[in-house]
file entry_20.cif (mmCIF, C-alpha atoms and all ligand atoms)
data_run
loop_
_atom_site.label_atom_id
_atom_site.label_comp_id
_atom_site.auth_asym_id
_atom_site.auth_seq_id
_atom_site.Cartn_x
_atom_site.Cartn_y
_atom_site.Cartn_z
CA MET A 1 -40.69 69.90 46.30
CA ALA A 2 -42.27 67.18 44.15
CA THR A 3 -40.22 64.10 43.32
CA LYS A 4 -40.79 61.86 40.32
CA ILE A 5 -40.38 58.11 40.63
CA GLY A 6 -40.33 56.87 37.05
CA ASN A 7 -43.32 58.66 35.57
CA VAL A 8 -45.14 59.06 38.91
CA ASP A 9 -45.34 62.45 40.64
CA ILE A 10 -45.01 62.30 44.41
CA PRO A 11 -46.57 65.56 45.61
CA GLY A 12 -44.63 65.99 48.87
CA VAL A 13 -41.83 64.39 50.85
CA THR A 14 -43.43 61.73 53.05
CA VAL A 15 -43.98 58.03 52.47
CA LEU A 16 -45.76 55.61 54.80
CA ALA A 17 -43.41 52.61 55.18
CA PRO A 18 -44.56 49.07 54.48
CA LEU A 19 -45.42 47.52 57.87
CA ALA A 20 -46.68 43.94 57.86
CA GLY A 21 -49.85 43.69 59.93
CA VAL A 22 -50.24 47.48 60.06
CA THR A 23 -50.30 49.27 56.68
CA ASP A 24 -53.57 47.78 55.53
CA HIS A 25 -56.23 49.67 53.59
CA ALA A 26 -57.69 51.29 56.74
CA PHE A 27 -54.41 52.67 58.04
CA ARG A 28 -53.17 53.76 54.63
CA THR A 29 -56.42 55.68 54.14
CA LEU A 30 -55.93 57.59 57.40
CA CYS A 31 -52.26 58.35 56.70
CA ARG A 32 -53.06 59.64 53.21
CA GLU A 33 -55.83 61.83 54.64
CA GLN A 34 -53.31 63.17 57.14
CA GLY A 35 -50.84 64.19 54.48
CA ALA A 36 -48.70 61.17 53.54
CA SER A 37 -47.65 61.70 49.93
CA MET A 38 -47.53 58.00 49.21
CA ALA A 39 -48.10 54.70 51.02
CA VAL A 40 -46.68 51.21 50.61
CA THR A 41 -48.76 48.10 51.25
CA GLU A 42 -47.80 45.26 53.56
CA MET A 43 -45.47 42.83 51.82
CA VAL A 44 -47.06 40.10 49.73
CA SER A 45 -45.52 36.83 48.55
CA ALA A 46 -44.63 36.71 44.85
CA ARG A 47 -45.04 32.95 44.92
CA GLY A 48 -48.47 33.24 46.51
CA LEU A 49 -49.57 35.65 43.79
CA ALA A 50 -48.00 33.64 40.98
CA GLU A 51 -49.81 30.52 42.23
CA GLY A 52 -53.14 32.34 42.48
CA SER A 53 -53.47 32.30 46.29
CA GLU A 54 -56.61 34.15 47.32
CA ARG A 55 -55.05 35.17 50.63
CA SER A 56 -52.10 36.80 48.90
CA SER A 57 -54.33 38.67 46.49
CA GLU A 58 -56.23 40.27 49.40
CA TYR A 59 -53.11 42.34 50.04
CA LEU A 60 -53.64 43.98 46.66
CA ASP A 61 -56.95 45.60 47.59
CA PHE A 62 -56.74 49.37 47.47
CA ASP A 63 -59.07 52.21 46.50
CA GLU A 64 -58.90 54.90 43.84
CA HIS A 65 -58.20 57.53 46.52
CA GLU A 66 -55.00 55.72 47.53
CA HIS A 67 -52.96 56.75 44.48
CA PRO A 68 -50.01 57.06 44.39
CA ILE A 69 -49.62 53.64 45.99
CA SER A 70 -46.81 51.13 45.92
CA VAL A 71 -47.33 47.40 46.42
CA GLN A 72 -44.48 45.60 48.12
CA VAL A 73 -43.59 42.06 47.10
CA PHE A 74 -41.08 39.54 48.44
CA GLY A 75 -39.43 36.50 46.92
CA SER A 76 -36.09 35.23 45.68
CA GLU A 77 -36.52 33.84 42.17
CA PRO A 78 -36.48 36.18 39.17
CA GLU A 79 -39.17 34.31 37.18
CA ILE A 80 -41.53 34.06 40.14
CA LEU A 81 -41.07 37.73 41.01
CA ALA A 82 -41.74 38.65 37.38
CA ASP A 83 -44.94 36.57 37.46
CA GLY A 84 -45.95 38.04 40.82
CA ALA A 85 -45.27 41.56 39.54
CA GLN A 86 -47.58 40.92 36.58
CA VAL A 87 -50.39 39.87 38.88
CA ILE A 88 -49.85 43.05 40.93
CA ALA A 89 -49.71 45.23 37.81
CA GLU A 90 -53.21 44.06 36.81
CA ARG A 91 -54.55 45.99 39.84
CA LYS A 92 -52.90 49.16 38.50
CA PRO A 93 -50.80 50.37 41.42
CA ASP A 94 -48.42 53.25 40.70
CA MET A 95 -45.31 51.19 41.41
CA ILE A 96 -44.08 47.85 42.72
CA ASP A 97 -41.47 47.58 45.47
CA LEU A 98 -39.14 44.63 46.06
CA ASN A 99 -38.52 43.80 49.72
CA CYS A 100 -34.77 43.47 50.32
CA GLY A 101 -34.84 44.30 54.02
CA CYS A 102 -37.03 41.87 55.93
CA PRO A 103 -34.81 40.34 58.66
CA VAL A 104 -37.27 37.62 59.76
CA LYS A 105 -35.82 34.10 59.75
CA LYS A 106 -38.74 32.55 57.88
CA ILE A 107 -38.10 34.96 55.00
CA VAL A 108 -34.29 35.09 54.88
CA THR A 109 -33.89 31.31 55.04
CA ARG A 110 -35.79 31.26 51.75
CA ASN A 111 -33.23 33.73 50.35
CA ALA A 112 -35.79 36.55 50.27
CA GLY A 113 -35.95 39.89 52.12
CA ALA A 114 -32.59 41.02 53.52
CA ALA A 115 -30.90 37.82 52.24
CA LEU A 116 -30.91 39.43 48.77
CA LEU A 117 -28.35 41.93 50.07
CA LYS A 118 -25.83 39.08 50.18
CA ASP A 119 -26.24 38.35 46.49
CA PRO A 120 -26.25 41.57 44.43
CA PRO A 121 -26.05 39.73 41.05
CA LEU A 122 -29.25 37.80 41.91
CA LEU A 123 -30.89 41.01 43.12
CA GLY A 124 -29.97 42.62 39.78
CA ARG A 125 -31.52 39.72 37.85
CA ILE A 126 -34.70 39.98 39.91
CA ILE A 127 -35.06 43.73 39.32
CA SER A 128 -34.38 43.26 35.60
CA ALA A 129 -36.98 40.52 35.33
CA MET A 130 -39.57 42.63 37.16
CA VAL A 131 -38.81 45.73 35.07
CA GLN A 132 -39.27 43.73 31.88
CA ALA A 133 -42.49 42.17 33.13
CA VAL A 134 -44.44 45.33 34.02
CA ASP A 135 -45.02 48.89 32.79
CA VAL A 136 -45.03 50.55 36.22
CA PRO A 137 -41.82 51.67 37.97
CA VAL A 138 -40.06 49.02 40.04
CA THR A 139 -38.38 50.16 43.27
CA LEU A 140 -36.64 48.38 46.13
CA LYS A 141 -36.33 48.78 49.87
CA ILE A 142 -33.10 47.71 51.48
CA ARG A 143 -31.34 47.69 54.81
CA SER A 144 -27.84 49.11 55.05
CA GLY A 145 -26.45 45.60 54.62
CA TRP A 146 -26.53 42.07 55.93
CA GLU A 147 -23.78 42.51 58.50
CA ASP A 148 -21.86 45.37 56.99
CA ALA A 149 -23.29 48.75 56.04
CA ASP A 150 -21.06 48.98 52.96
CA GLU A 151 -23.19 46.46 51.11
CA ALA A 152 -25.91 49.06 50.51
CA VAL A 153 -23.90 51.14 48.04
CA ARG A 154 -23.05 48.19 45.82
CA VAL A 155 -26.62 46.87 45.99
CA ALA A 156 -28.03 50.29 45.09
CA GLN A 157 -25.76 50.61 42.07
CA VAL A 158 -26.62 47.11 40.83
CA ALA A 159 -30.33 47.87 41.27
CA GLU A 160 -30.08 51.18 39.42
CA ASP A 161 -28.23 49.50 36.53
CA ALA A 162 -30.94 46.83 36.41
CA GLY A 163 -33.62 49.50 35.98
CA ALA A 164 -34.90 50.31 39.48
CA SER A 165 -36.66 53.69 39.64
CA ALA A 166 -36.07 54.50 43.34
CA ILE A 167 -34.52 52.98 46.43
CA ALA A 168 -35.60 53.19 50.05
CA VAL A 169 -32.79 52.72 52.57
CA HIS A 170 -33.42 51.72 56.19
CA GLY A 171 -30.17 52.58 57.94
CA ARG A 172 -29.80 49.33 59.90
CA THR A 173 -28.18 46.02 58.98
CA ARG A 174 -30.11 42.77 59.02
CA GLU A 175 -28.06 41.76 62.02
CA ALA A 176 -29.12 44.88 63.94
CA LYS A 177 -32.82 44.13 63.27
CA PHE A 178 -34.44 47.07 65.15
CA THR A 179 -31.75 47.68 67.77
CA GLY A 180 -29.51 50.72 68.16
CA GLN A 181 -29.86 53.88 66.13
CA ALA A 182 -30.40 53.99 62.39
CA ASN A 183 -27.24 54.92 60.49
CA TRP A 184 -28.18 57.86 58.28
CA ASP A 185 -24.68 58.10 56.85
CA ILE A 186 -25.38 55.08 54.65
CA ILE A 187 -28.43 56.88 53.23
CA ALA A 188 -26.17 59.80 52.26
CA ARG A 189 -23.70 57.42 50.64
CA VAL A 190 -26.38 55.70 48.59
CA LYS A 191 -27.66 59.13 47.51
CA GLN A 192 -24.18 60.12 46.34
CA ALA A 193 -23.61 56.83 44.53
CA THR A 194 -26.87 56.75 42.52
CA SER A 195 -28.99 59.08 40.43
CA ILE A 196 -32.43 57.59 41.19
CA PRO A 197 -34.57 59.07 44.00
CA VAL A 198 -33.50 57.89 47.45
CA ILE A 199 -36.04 57.45 50.23
CA GLY A 200 -34.45 57.76 53.69
CA ASN A 201 -35.82 55.56 56.47
CA GLY A 202 -35.14 54.85 60.11
CA ASP A 203 -36.02 56.59 63.36
CA VAL A 204 -37.88 59.58 61.92
CA ARG A 205 -39.94 60.25 65.04
CA ASN A 206 -41.01 63.84 64.40
CA PRO A 207 -40.93 66.66 61.82
CA GLU A 208 -37.59 68.05 63.02
CA LEU A 209 -35.90 64.68 62.55
CA ALA A 210 -37.43 64.36 59.07
CA LYS A 211 -35.95 67.71 58.07
CA GLU A 212 -32.64 66.78 59.65
CA MET A 213 -32.54 63.50 57.74
CA MET A 214 -33.22 65.32 54.45
CA ASP A 215 -30.56 67.95 55.19
CA VAL A 216 -27.91 65.51 56.38
CA THR A 217 -28.38 62.78 53.77
CA GLY A 218 -29.76 64.68 50.77
CA CYS A 219 -32.51 62.04 50.45
CA ASP A 220 -35.46 62.98 48.23
CA LEU A 221 -38.23 61.53 50.38
CA VAL A 222 -38.62 60.46 53.99
CA MET A 223 -40.26 57.16 54.93
CA VAL A 224 -41.96 56.79 58.33
CA GLY A 225 -42.89 53.46 59.87
CA ARG A 226 -43.32 52.82 63.60
CA TRP A 227 -43.80 56.46 64.50
CA ALA A 228 -46.93 56.68 62.38
CA ILE A 229 -48.71 53.91 64.29
CA GLY A 230 -51.36 55.65 66.39
CA ASN A 231 -50.02 58.92 64.96
CA PRO A 232 -51.06 59.44 61.32
CA TRP A 233 -50.79 63.21 61.97
CA ILE A 234 -47.01 62.89 61.72
CA PHE A 235 -47.25 63.21 57.94
CA LYS A 236 -48.96 66.62 57.93
CA GLY A 237 -46.48 67.72 60.58
CA ILE A 238 -43.51 66.72 58.44
CA GLU A 239 -44.91 68.06 55.17
CA THR A 240 -45.65 71.43 56.79
CA PHE A 241 -42.38 71.69 58.67
CA VAL A 242 -40.25 70.77 55.65
CA ALA A 243 -42.14 73.18 53.38
CA THR A 244 -42.52 76.15 55.74
CA GLY A 245 -40.58 75.56 58.98
CA GLU A 246 -43.87 75.83 60.89
CA LYS A 247 -45.03 73.38 63.54
CA VAL A 248 -48.53 71.92 63.33
CA PRO A 249 -50.11 71.63 66.82
CA ASP A 250 -50.09 68.09 68.26
CA PRO A 251 -53.42 66.23 68.32
CA VAL A 252 -55.32 66.30 71.63
CA LEU A 253 -56.92 63.23 73.22
CA SER A 254 -60.31 63.82 71.59
CA ASP A 255 -58.60 63.85 68.16
CA LYS A 256 -56.86 60.59 69.01
CA ILE A 257 -60.04 58.88 70.20
CA GLU A 258 -61.96 60.04 67.13
CA MET A 259 -59.16 58.77 64.89
CA ALA A 260 -59.11 55.44 66.74
CA VAL A 261 -62.89 55.05 66.26
CA ARG A 262 -62.63 55.91 62.56
CA HIS A 263 -59.73 53.45 62.21
CA LEU A 264 -61.85 50.76 63.88
CA HIS A 265 -64.79 51.39 61.54
CA LEU A 266 -62.55 51.24 58.45
CA SER A 267 -60.89 48.07 59.72
CA VAL A 268 -64.22 46.34 60.38
CA ALA A 269 -65.59 47.46 57.02
CA ALA A 270 -62.57 45.98 55.21
CA LYS A 271 -62.04 42.80 57.23
CA GLY A 272 -65.32 42.00 58.95
CA PRO A 273 -66.21 42.26 62.66
CA ARG A 274 -63.87 39.55 64.04
CA LYS A 275 -60.64 40.12 62.16
CA GLY A 276 -61.32 43.85 61.90
CA VAL A 277 -61.43 44.22 65.70
CA PHE A 278 -58.59 41.77 66.38
CA GLU A 279 -56.20 43.55 64.04
CA MET A 280 -56.92 46.88 65.75
CA ARG A 281 -55.15 45.80 68.94
CA ARG A 282 -51.76 47.21 68.10
CA PRO A 283 -53.03 50.54 66.73
CA LEU A 284 -55.49 51.00 69.63
CA ALA A 285 -52.66 50.62 72.12
CA ALA A 286 -50.69 53.22 70.18
CA TYR A 287 -53.55 55.79 70.13
CA ILE A 288 -53.80 55.77 73.93
CA LYS A 289 -50.07 55.48 74.66
CA GLY A 290 -48.80 57.89 77.29
CA ILE A 291 -52.15 58.86 78.86
CA PRO A 292 -52.58 58.28 82.62
CA GLY A 293 -53.80 54.73 83.25
CA ALA A 294 -52.92 53.60 79.70
CA ALA A 295 -51.92 50.10 80.87
CA GLN A 296 -55.38 49.37 82.36
CA TYR A 297 -57.18 50.88 79.39
CA ARG A 298 -55.03 48.80 77.06
CA GLN A 299 -55.85 45.65 79.01
CA ALA A 300 -59.58 46.38 78.68
CA LEU A 301 -59.30 47.16 74.97
CA MET A 302 -57.28 44.00 74.27
CA THR A 303 -59.89 41.73 75.82
CA GLU A 304 -62.90 43.31 74.10
CA ASP A 305 -63.70 41.58 70.82
CA ASP A 306 -66.88 43.37 69.84
CA ALA A 307 -66.55 46.53 67.72
CA ASP A 308 -69.35 48.40 69.56
CA GLY A 309 -67.75 47.44 72.86
CA VAL A 310 -64.36 48.77 71.75
CA GLU A 311 -65.96 52.01 70.60
CA ARG A 312 -67.79 52.41 73.93
CA LEU A 313 -64.55 51.83 75.82
CA LEU A 314 -62.75 54.45 73.75
CA TYR A 315 -65.38 57.05 74.63
CA VAL A 316 -65.24 56.02 78.31
CA ILE A 317 -61.48 56.69 78.20
CA LEU A 318 -62.09 60.12 76.72
CA GLU A 319 -64.73 60.94 79.31
CA GLU A 320 -62.64 59.76 82.26
CA GLN A 321 -59.59 61.65 81.07
CA THR A 322 -61.57 64.82 80.43
CA GLN A 323 -63.12 64.62 83.92
CA SER A 324 -59.77 64.05 85.60
CA VAL A 325 -58.33 67.10 83.82
CA GLU A 326 -61.34 69.16 84.97
CA VAL A 327 -60.91 67.94 88.57
CA MET A 328 -57.21 68.75 88.52
CA GLY A 329 -57.87 72.11 86.89
C1 LIG B 401 -44.34 45.75 62.58
C2 LIG B 401 -43.40 46.04 61.45
C3 LIG B 401 -43.64 45.46 60.21
C4 LIG B 401 -42.76 45.72 59.15
N1 LIG B 401 -43.04 45.18 57.93
C5 LIG B 401 -42.25 45.48 56.86
C6 LIG B 401 -42.56 45.01 55.55
O1 LIG B 401 -43.55 44.30 55.33
N2 LIG B 401 -41.72 45.37 54.54
C7 LIG B 401 -40.61 46.15 54.75
O2 LIG B 401 -39.89 46.48 53.80
N3 LIG B 401 -40.31 46.62 55.98
C8 LIG B 401 -41.10 46.32 57.01
N4 LIG B 401 -40.82 46.83 58.25
C9 LIG B 401 -39.71 47.81 58.39
C10 LIG B 401 -40.24 49.24 58.22
O3 LIG B 401 -40.77 49.46 56.94
C11 LIG B 401 -39.14 50.28 58.46
O4 LIG B 401 -38.07 50.05 57.58
C12 LIG B 401 -38.59 50.24 59.90
O5 LIG B 401 -39.64 50.16 60.84
C13 LIG B 401 -37.72 51.48 60.20
O6 LIG B 401 -38.46 52.65 60.05
P1 LIG B 401 -39.07 53.46 61.34
O7 LIG B 401 -37.90 53.76 62.24
O8 LIG B 401 -39.69 54.68 60.73
O9 LIG B 401 -40.04 52.52 61.98
C14 LIG B 401 -41.64 46.55 59.33
C15 LIG B 401 -41.40 47.11 60.60
C16 LIG B 401 -42.25 46.86 61.65
C17 LIG B 401 -41.98 47.49 62.99
#
call {"tool": "encode", "arguments": {"input": "entry_20.cif", "output": "structure tokens"}}
result
Amino acid sequence: MATKIGNVDIPGVTVLAPLAGVTDHAFRTLCREQGASMAVTEMVSARGLAEGSERSSEYLDFDEHEHPISVQVFGSEPEILADGAQVIAERKPDMIDLNCGCPVKKIVTRNAGAALLKDPPLLGRIISAMVQAVDVPVTLKIRSGWEDADEAVRVAQVAEDAGASAIAVHGRTREAKFTGQANWDIIARVKQATSIPVIGNGDVRNPELAKEMMDVTGCDLVMVGRWAIGNPWIFKGIETFVATGEKVPDPVLSDKIEMAVRHLHLSVAAKGPRKGVFEMRRPLAAYIKGIPGAAQYRQALMTEDDADGVERLLYVILEEQTQSVEVMG
């Protein structure tokens, strides 16, 4: 089942998607422990790195246990991306990924992210410059197009010719942002049109959908983003289901609370008590999603800014939920 990206062995089929504000060291650690075969960092500015910004370089912090890891970079100028890639390569990641999918205005008005889909020759020059600048494989992550899904095939071919080692395809156009359903057909078309590994992405919510995406598109790896937030177990579920057809039991509330507490500790250890707690708000809401009274619990968690307080609240939630099940039982 293993796929090779350049010279790097990916042991299974799952990849944690780059998610700005989410796939930090703490979350990547948990997803790797729960079976993700590889993780991608949050995107980092090539210009920031090339100019020596300390804030940008914080995105490059990862541990030995995180290999294989890919660092994602964004930008629009070949020389600056080559310089940025060199700074990243000094930290010895396994590969470097070029962001060609970010739909956010601030990024596309600077000709970066999904704007690169409109200019395949420029994208080719960027990939070439990065490939020449570093020894690790260079990959890219695209959307299906700017407005039109056909753009992906041309972009993928240009990128392969320029030396890209793999391509991740999110089956939505820039225009669609996150609306509607991901178009998996474009993933299949990119797979047919290229000979580098293709990573399928978009709306993989569970192991069955991961297997279906692989069967329907022929993609080599499956990338999971939003559906991993508050649910790092999804990776073990997919790896097991794709390899054996067996379903791993879903986590119960005590598993979720313990994971949330561990996530909190890792976040605070990496970012300090203030930022570490603040940046847990989105994941905490995801861990308790769907339980009775989730809205009130979320409200309480969002207004607590002390790590011990958050931990206490999490255990109160567990206790209250366990008692209410006992009463009902
Ligand atoms: C909060 C958030 C942040 C994201 N940040 C990035 C990013 O930094 N780089 C990138 O290539 N894609 C980014 N994406 C897109 C995801 O990587 C992925 O392509 C998208 O969510 C579709 O996959 P999913 O359906 O599994 O979530 C982001 C998506 C979300 C929801």
call {"tool": "closest_atom_pairs", "arguments": {"input": "entry_20.cif", "of": "segment 6-86 of chain A", "to": "segment 109-125 of chain A", "cutoff": "9 Å", "atoms": "all atoms listed in the file", "output": "CSV"}}
result
residue,atom,partner,partner_atom,distance
A:Phe74,CA,A:Gly113,CA,6.3
A:Gly75,CA,A:Ala112,CA,4.9
A:Ser76,CA,A:Ala112,CA,4.8
A:Glu77,CA,A:Leu122,CA,8.3
A:Pro78,CA,A:Arg125,CA,6.2
call {"tool": "axis_aligned_box", "arguments": {"input": "entry_20.cif", "around": "ligand LIG 401 (chain B)", "padding_each_side": "6 Å", "output": "JSON"}}
result
{"center_x": -41.0, "center_y": 49.5, "center_z": 58.4, "size_x": 18.6, "size_y": 22.4, "size_z": 21.2}
call {"tool": "residues_near_ligand", "arguments": {"input": "entry_20.cif", "ligand": "ligand LIG 401 (chain B)", "cutoff": "10 Å", "atoms": "all atoms listed in the file", "output": "mmCIF file with C-alpha atoms, in the frame of the given file"}}
result
data_model
loop_
_atom_site.group_PDB
_atom_site.id
_atom_site.type_symbol
_atom_site.label_atom_id
_atom_site.label_comp_id
_atom_site.auth_asym_id
_atom_site.auth_seq_id
_atom_site.Cartn_x
_atom_site.Cartn_y
_atom_site.Cartn_z
ATOM 1 C CA VAL A 15 -43.980 58.030 52.470
ATOM 2 C CA LEU A 16 -45.760 55.610 54.800
ATOM 3 C CA ALA A 17 -43.410 52.610 55.180
ATOM 4 C CA PRO A 18 -44.560 49.070 54.480
ATOM 5 C CA LEU A 19 -45.420 47.520 57.870
ATOM 6 C CA ALA A 20 -46.680 43.940 57.860
ATOM 7 C CA GLY A 21 -49.850 43.690 59.930
ATOM 8 C CA VAL A 22 -50.240 47.480 60.060
ATOM 9 C CA THR A 23 -50.300 49.270 56.680
ATOM 10 C CA VAL A 40 -46.680 51.210 50.610
ATOM 11 C CA THR A 41 -48.760 48.100 51.250
ATOM 12 C CA GLU A 42 -47.800 45.260 53.560
ATOM 13 C CA MET A 43 -45.470 42.830 51.820
ATOM 14 C CA VAL A 44 -47.060 40.100 49.730
ATOM 15 C CA GLN A 72 -44.480 45.600 48.120
ATOM 16 C CA VAL A 73 -43.590 42.060 47.100
ATOM 17 C CA PHE A 74 -41.080 39.540 48.440
ATOM 18 C CA ASP A 97 -41.470 47.580 45.470
ATOM 19 C CA LEU A 98 -39.140 44.630 46.060
ATOM 20 C CA ASN A 99 -38.520 43.800 49.720
ATOM 21 C CA CYS A 100 -34.770 43.470 50.320
ATOM 22 C CA GLY A 101 -34.840 44.300 54.020
ATOM 23 C CA CYS A 102 -37.030 41.870 55.930
ATOM 24 C CA PRO A 103 -34.810 40.340 58.660
ATOM 25 C CA VAL A 104 -37.270 37.620 59.760
ATOM 26 C CA GLY A 113 -35.950 39.890 52.120
ATOM 27 C CA ALA A 114 -32.590 41.020 53.520
ATOM 28 C CA LEU A 140 -36.640 48.380 46.130
ATOM 29 C CA LYS A 141 -36.330 48.780 49.870
ATOM 30 C CA ILE A 142 -33.100 47.710 51.480
ATOM 31 C CA ARG A 143 -31.340 47.690 54.810
ATOM 32 C CA ALA A 168 -35.600 53.190 50.050
ATOM 33 C CA VAL A 169 -32.790 52.720 52.570
ATOM 34 C CA HIS A 170 -33.420 51.720 56.190
ATOM 35 C CA GLY A 171 -30.170 52.580 57.940
ATOM 36 C CA ARG A 172 -29.800 49.330 59.900
ATOM 37 C CA LYS A 177 -32.820 44.130 63.270
ATOM 38 C CA PHE A 178 -34.440 47.070 65.150
ATOM 39 C CA GLN A 181 -29.860 53.880 66.130
ATOM 40 C CA ALA A 182 -30.400 53.990 62.390
ATOM 41 C CA GLY A 200 -34.450 57.760 53.690
ATOM 42 C CA ASN A 201 -35.820 55.560 56.470
ATOM 43 C CA GLY A 202 -35.140 54.850 60.110
ATOM 44 C CA ASP A 203 -36.020 56.590 63.360
ATOM 45 C CA VAL A 204 -37.880 59.580 61.920
ATOM 46 C CA ARG A 205 -39.940 60.250 65.040
ATOM 47 C CA ASN A 206 -41.010 63.840 64.400
ATOM 48 C CA VAL A 222 -38.620 60.460 53.990
ATOM 49 C CA MET A 223 -40.260 57.160 54.930
ATOM 50 C CA VAL A 224 -41.960 56.790 58.330
ATOM 51 C CA GLY A 225 -42.890 53.460 59.870
ATOM 52 C CA ARG A 226 -43.320 52.820 63.600
ATOM 53 C CA TRP A 227 -43.800 56.460 64.500
ATOM 54 C CA ALA A 228 -46.930 56.680 62.380
ATOM 55 C CA ILE A 229 -48.710 53.910 64.290
ATOM 56 C CA ARG A 282 -51.760 47.210 68.100
#
call {"tool": "residues_around", "arguments": {"input": "entry_20.cif", "residues": "Lys4 of chain A", "least_positions_apart": "2", "cutoff": "12 Å", "atoms": "all atoms listed in the file", "output": "list in words"}}
result
Met1, Ala2, Gly6, Asn7, Val8, Asp9, Ile10, Pro11, Gly12, Val13, Ser37, Met38, Pro68, Asp94, Met95, Pro137, Ser165, Ala166, Ile196, Pro197, Val198, Ile199, Asp220 and Leu221 of chain A
call {"tool": "closest_residue", "arguments": {"input": "entry_20.cif", "among": "A:Ile187, A:Thr322, A:Leu301, A:Gly230", "to": "Ala286 of chain A", "atoms": "only C-alpha atoms"}}
result
A:Gly230
call {"tool": "residues_around", "arguments": {"input": "entry_20.cif", "residues": "His263 of chain A", "least_positions_apart": "2", "cutoff": "8 Å", "atoms": "all atoms listed in the file", "output": "PyMOL selection string"}}
result
chain A and resi 26-27+30+259-261+265-267+280
call {"tool": "residues_near_point", "arguments": {"input": "entry_20.cif", "point": "(-46.8, 67.8, 60.5)", "cutoff": "9 Å", "atoms": "only C-alpha atoms", "output": "JSON, numbers by chain"}}
result
{"A": [34, 35, 206, 207, 233, 234, 235, 236, 237, 238, 239, 240, 241, 242, 246, 247, 248, 249, 250]}
call {"tool": "closest_residue", "arguments": {"input": "entry_20.cif", "among": "A:Ala188, A:Gly84, A:Ser144, A:Ala193", "to": "Gln157 of chain A", "atoms": "all atoms listed in the file"}}
result
A:Ala193
call {"tool": "atom_distance", "arguments": {"input": "entry_20.cif", "atom1": "atom CA of Thr139 of chain A", "atom2": "atom CA of Ala85 of chain A"}}
result
11.6 Å
call {"tool": "decode", "arguments": {"input": "entry_20.cif", "residues": "segment 178-189 of chain A", "atoms": "N, CA, C and O atoms", "output": "PDB file, in the first residue's frame"}}
result
ATOM      1  N   PHE A 178     -15.758  26.928  -0.137  1.00  0.00           N
ATOM      2  CA  PHE A 178     -16.055  25.650   0.543  1.00  0.00           C
ATOM      3  C   PHE A 178     -17.502  25.217   0.323  1.00  0.00           C
ATOM      4  O   PHE A 178     -18.013  24.359   1.019  1.00  0.00           O
ATOM      5  N   THR A 179     -18.167  25.818  -0.674  1.00  0.00           N
ATOM      6  CA  THR A 179     -19.580  25.506  -0.878  1.00  0.00           C
ATOM      7  C   THR A 179     -19.740  24.266  -1.765  1.00  0.00           C
ATOM      8  O   THR A 179     -18.806  23.836  -2.437  1.00  0.00           O
ATOM      9  N   GLY A 180     -20.955  23.735  -1.771  1.00  0.00           N
ATOM     10  CA  GLY A 180     -21.284  22.605  -2.637  1.00  0.00           C
ATOM     11  C   GLY A 180     -20.482  21.365  -2.280  1.00  0.00           C
ATOM     12  O   GLY A 180     -19.892  21.286  -1.195  1.00  0.00           O
ATOM     13  N   GLN A 181     -20.501  20.415  -3.206  1.00  0.00           N
ATOM     14  CA  GLN A 181     -19.787  19.155  -2.963  1.00  0.00           C
ATOM     15  C   GLN A 181     -18.492  19.150  -3.741  1.00  0.00           C
ATOM     16  O   GLN A 181     -18.439  19.680  -4.854  1.00  0.00           O
ATOM     17  N   ALA A 182     -17.468  18.535  -3.178  1.00  0.00           N
ATOM     18  CA  ALA A 182     -16.207  18.439  -3.923  1.00  0.00           C
ATOM     19  C   ALA A 182     -16.419  17.576  -5.164  1.00  0.00           C
ATOM     20  O   ALA A 182     -17.146  16.585  -5.129  1.00  0.00           O
ATOM     21  N   ASN A 183     -15.761  17.970  -6.256  1.00  0.00           N
ATOM     22  CA  ASN A 183     -15.866  17.269  -7.530  1.00  0.00           C
ATOM     23  C   ASN A 183     -14.702  16.263  -7.624  1.00  0.00           C
ATOM     24  O   ASN A 183     -13.566  16.642  -7.890  1.00  0.00           O
ATOM     25  N   TRP A 184     -15.009  15.006  -7.383  1.00  0.00           N
ATOM     26  CA  TRP A 184     -13.945  13.998  -7.382  1.00  0.00           C
ATOM     27  C   TRP A 184     -13.515  13.623  -8.802  1.00  0.00           C
ATOM     28  O   TRP A 184     -12.441  13.071  -8.993  1.00  0.00           O
ATOM     29  N   ASP A 185     -14.387  13.921  -9.765  1.00  0.00           N
ATOM     30  CA  ASP A 185     -14.066  13.595 -11.151  1.00  0.00           C
ATOM     31  C   ASP A 185     -12.761  14.276 -11.592  1.00  0.00           C
ATOM     32  O   ASP A 185     -11.954  13.700 -12.318  1.00  0.00           O
ATOM     33  N   ILE A 186     -12.556  15.503 -11.106  1.00  0.00           N
ATOM     34  CA  ILE A 186     -11.340  16.214 -11.516  1.00  0.00           C
ATOM     35  C   ILE A 186     -10.085  15.524 -10.933  1.00  0.00           C
ATOM     36  O   ILE A 186      -9.015  15.534 -11.541  1.00  0.00           O
ATOM     37  N   ILE A 187     -10.256  14.888  -9.780  1.00  0.00           N
ATOM     38  CA  ILE A 187      -9.119  14.157  -9.185  1.00  0.00           C
ATOM     39  C   ILE A 187      -8.772  12.980 -10.105  1.00  0.00           C
ATOM     40  O   ILE A 187      -7.592  12.729 -10.410  1.00  0.00           O
ATOM     41  N   ALA A 188      -9.803  12.291 -10.582  1.00  0.00           N
ATOM     42  CA  ALA A 188      -9.585  11.162 -11.500  1.00  0.00           C
ATOM     43  C   ALA A 188      -8.900  11.633 -12.779  1.00  0.00           C
ATOM     44  O   ALA A 188      -7.987  10.970 -13.295  1.00  0.00           O
ATOM     45  N   ARG A 189      -9.308  12.804 -13.258  1.00  0.00           N
ATOM     46  CA  ARG A 189      -8.722  13.294 -14.513  1.00  0.00           C
ATOM     47  C   ARG A 189      -7.268  13.696 -14.328  1.00  0.00           C
ATOM     48  O   ARG A 189      -6.431  13.479 -15.213  1.00  0.00           O
TER      49      ARG A 189
END
